[in-house]
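Report on one structure; see the data block that follows.
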Amino acid sequence: MENDVQKCPYCNGEMQLGYVQGADTLSWVRKVQPIAAFAAFGGFNIATERGCFFGAIVEAYNCKGCKKIIIQYGKE
């Protein structure tokens, strides 16, 4: 994902680049947190899962207008 801002394919609103990160919860955050568990304090929860201490991080675009998050996984 190259640009910080994209158009939402659902509502055509502005989507902001951030990250989905988590340990016990999966949260969208604007900036990567040094410890995955801190993401729950700086973002908003998407799902609750059991995870490793360091968790996983993936780039994601968030549309606040229609409440959609788009995640690209794997290589382009």
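Identifiers for the structure tokens are assigned positionally: chains receive A, B, ... in sequence, residues are indexed from 1 per chain, and ligands are indexed from 1 in the order shown.
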Neighbour list for Cys63 in chain A as number ranges by chain, cut-off 12 Å, only C-alpha atoms, skip fewer than 5 positions in-chain: A: 5-18, 28, 68-71
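Across the model, the gap from CA of Gly65 in chain A to CA of Ala36 in chain A is 26.0 Å.
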Identify, on the basis of only C-alpha atoms, every residue whose closest approach to Tyr19 in chain A does not exceed 7 Å; exclude the query and any residue fewer than 6 positions from it along the same chain; express the result as a ChimeraX atom specification. /A:28-32,57-60
How would the residues just chosen look if you wrote them out with N, CA and C atoms as an mmCIF file, in the first residue's frame?
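File produced: part_23.cif:
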data_model
loop_
_atom_site.group_PDB
_atom_site.id
_atom_site.type_symbol
_atom_site.label_atom_id
_atom_site.label_comp_id
_atom_site.auth_asym_id
_atom_site.auth_seq_id
_atom_site.Cartn_x
_atom_site.Cartn_y
_atom_site.Cartn_z
ATOM 1 N N TRP A 28 -7.240 -1.546 15.225
ATOM 2 C CA TRP A 28 -6.706 -0.688 14.175
ATOM 3 C C TRP A 28 -6.076 0.506 14.867
ATOM 4 N N VAL A 29 -4.822 0.795 14.505
ATOM 5 C CA VAL A 29 -4.108 1.933 15.089
ATOM 6 C C VAL A 29 -3.454 2.732 13.976
ATOM 7 N N ARG A 30 -3.259 4.012 14.198
ATOM 8 C CA ARG A 30 -2.628 4.882 13.195
ATOM 9 C C ARG A 30 -1.136 4.602 13.093
ATOM 10 N N LYS A 31 -0.479 4.299 14.212
ATOM 11 C CA LYS A 31 0.960 4.026 14.226
ATOM 12 C C LYS A 31 1.207 2.700 14.932
ATOM 13 N N VAL A 32 2.221 1.980 14.471
ATOM 14 C CA VAL A 32 2.590 0.708 15.083
ATOM 15 C C VAL A 32 3.016 0.944 16.528
ATOM 16 N N ILE A 57 1.212 -7.617 12.854
ATOM 17 C CA ILE A 57 0.941 -6.268 12.345
ATOM 18 C C ILE A 57 0.719 -6.380 10.841
ATOM 19 N N VAL A 58 -0.318 -5.735 10.345
ATOM 20 C CA VAL A 58 -0.575 -5.687 8.910
ATOM 21 C C VAL A 58 -1.098 -4.294 8.566
ATOM 22 N N GLU A 59 -0.646 -3.739 7.434
ATOM 23 C CA GLU A 59 -1.158 -2.443 6.995
ATOM 24 C C GLU A 59 -2.640 -2.583 6.647
ATOM 25 N N ALA A 60 -3.400 -1.525 6.945
ATOM 26 C CA ALA A 60 -4.832 -1.549 6.674
ATOM 27 C C ALA A 60 -5.337 -0.130 6.447
#
Long-range neighbours of Ala39 in chain A as a list of chain:residue names, 7 Å cut-off, only C-alpha atoms, 6 positions minimum in chain: A:Gln21, A:Gly22, A:Ser27, A:Val29, A:Gln33
Just all heavy atoms for this one: save the residues we selected as a PDB file, in the first residue's frame.
ATOM      1  N   GLN A  21      -3.274  -4.424  14.449  1.00  0.00           N
ATOM      2  CA  GLN A  21      -2.266  -4.980  15.339  1.00  0.00           C
ATOM      3  C   GLN A  21      -2.959  -5.487  16.585  1.00  0.00           C
ATOM      4  O   GLN A  21      -3.966  -4.939  17.013  1.00  0.00           O
ATOM      5  CB  GLN A  21      -1.260  -3.892  15.724  1.00  0.00           C
ATOM      6  CG  GLN A  21      -0.161  -4.357  16.634  1.00  0.00           C
ATOM      7  CD  GLN A  21       0.815  -3.226  16.974  1.00  0.00           C
ATOM      8  OE1 GLN A  21       0.610  -2.080  16.613  1.00  0.00           O
ATOM      9  NE2 GLN A  21       1.862  -3.568  17.671  1.00  0.00           N
ATOM     10  N   GLY A  22      -2.419  -6.529  17.177  1.00  0.00           N
ATOM     11  CA  GLY A  22      -3.018  -6.973  18.415  1.00  0.00           C
ATOM     12  C   GLY A  22      -2.320  -8.155  19.050  1.00  0.00           C
ATOM     13  O   GLY A  22      -1.449  -8.785  18.461  1.00  0.00           O
ATOM     14  N   SER A  27      -6.779  -4.673  16.967  1.00  0.00           N
ATOM     15  CA  SER A  27      -7.120  -3.258  16.947  1.00  0.00           C
ATOM     16  C   SER A  27      -6.540  -2.574  15.723  1.00  0.00           C
ATOM     17  O   SER A  27      -5.479  -2.945  15.246  1.00  0.00           O
ATOM     18  CB  SER A  27      -6.568  -2.550  18.191  1.00  0.00           C
ATOM     19  OG  SER A  27      -7.081  -3.129  19.355  1.00  0.00           O
ATOM     20  N   VAL A  29      -4.822   0.795  14.505  1.00  0.00           N
ATOM     21  CA  VAL A  29      -4.108   1.933  15.089  1.00  0.00           C
ATOM     22  C   VAL A  29      -3.454   2.732  13.976  1.00  0.00           C
ATOM     23  O   VAL A  29      -3.141   2.208  12.915  1.00  0.00           O
ATOM     24  CB  VAL A  29      -3.033   1.490  16.119  1.00  0.00           C
ATOM     25  CG1 VAL A  29      -3.676   0.875  17.346  1.00  0.00           C
ATOM     26  CG2 VAL A  29      -2.047   0.521  15.516  1.00  0.00           C
ATOM     27  N   GLN A  33       2.493   0.138  17.432  1.00  0.00           N
ATOM     28  CA  GLN A  33       2.827   0.221  18.845  1.00  0.00           C
ATOM     29  C   GLN A  33       4.007  -0.708  19.144  1.00  0.00           C
ATOM     30  O   GLN A  33       4.124  -1.770  18.529  1.00  0.00           O
ATOM     31  CB  GLN A  33       1.623  -0.178  19.703  1.00  0.00           C
ATOM     32  CG  GLN A  33       0.405   0.685  19.454  1.00  0.00           C
ATOM     33  CD  GLN A  33       0.646   2.129  19.808  1.00  0.00           C
ATOM     34  OE1 GLN A  33       1.134   2.449  20.879  1.00  0.00           O
ATOM     35  NE2 GLN A  33       0.317   3.027  18.896  1.00  0.00           N
TER      36      GLN A  33
END
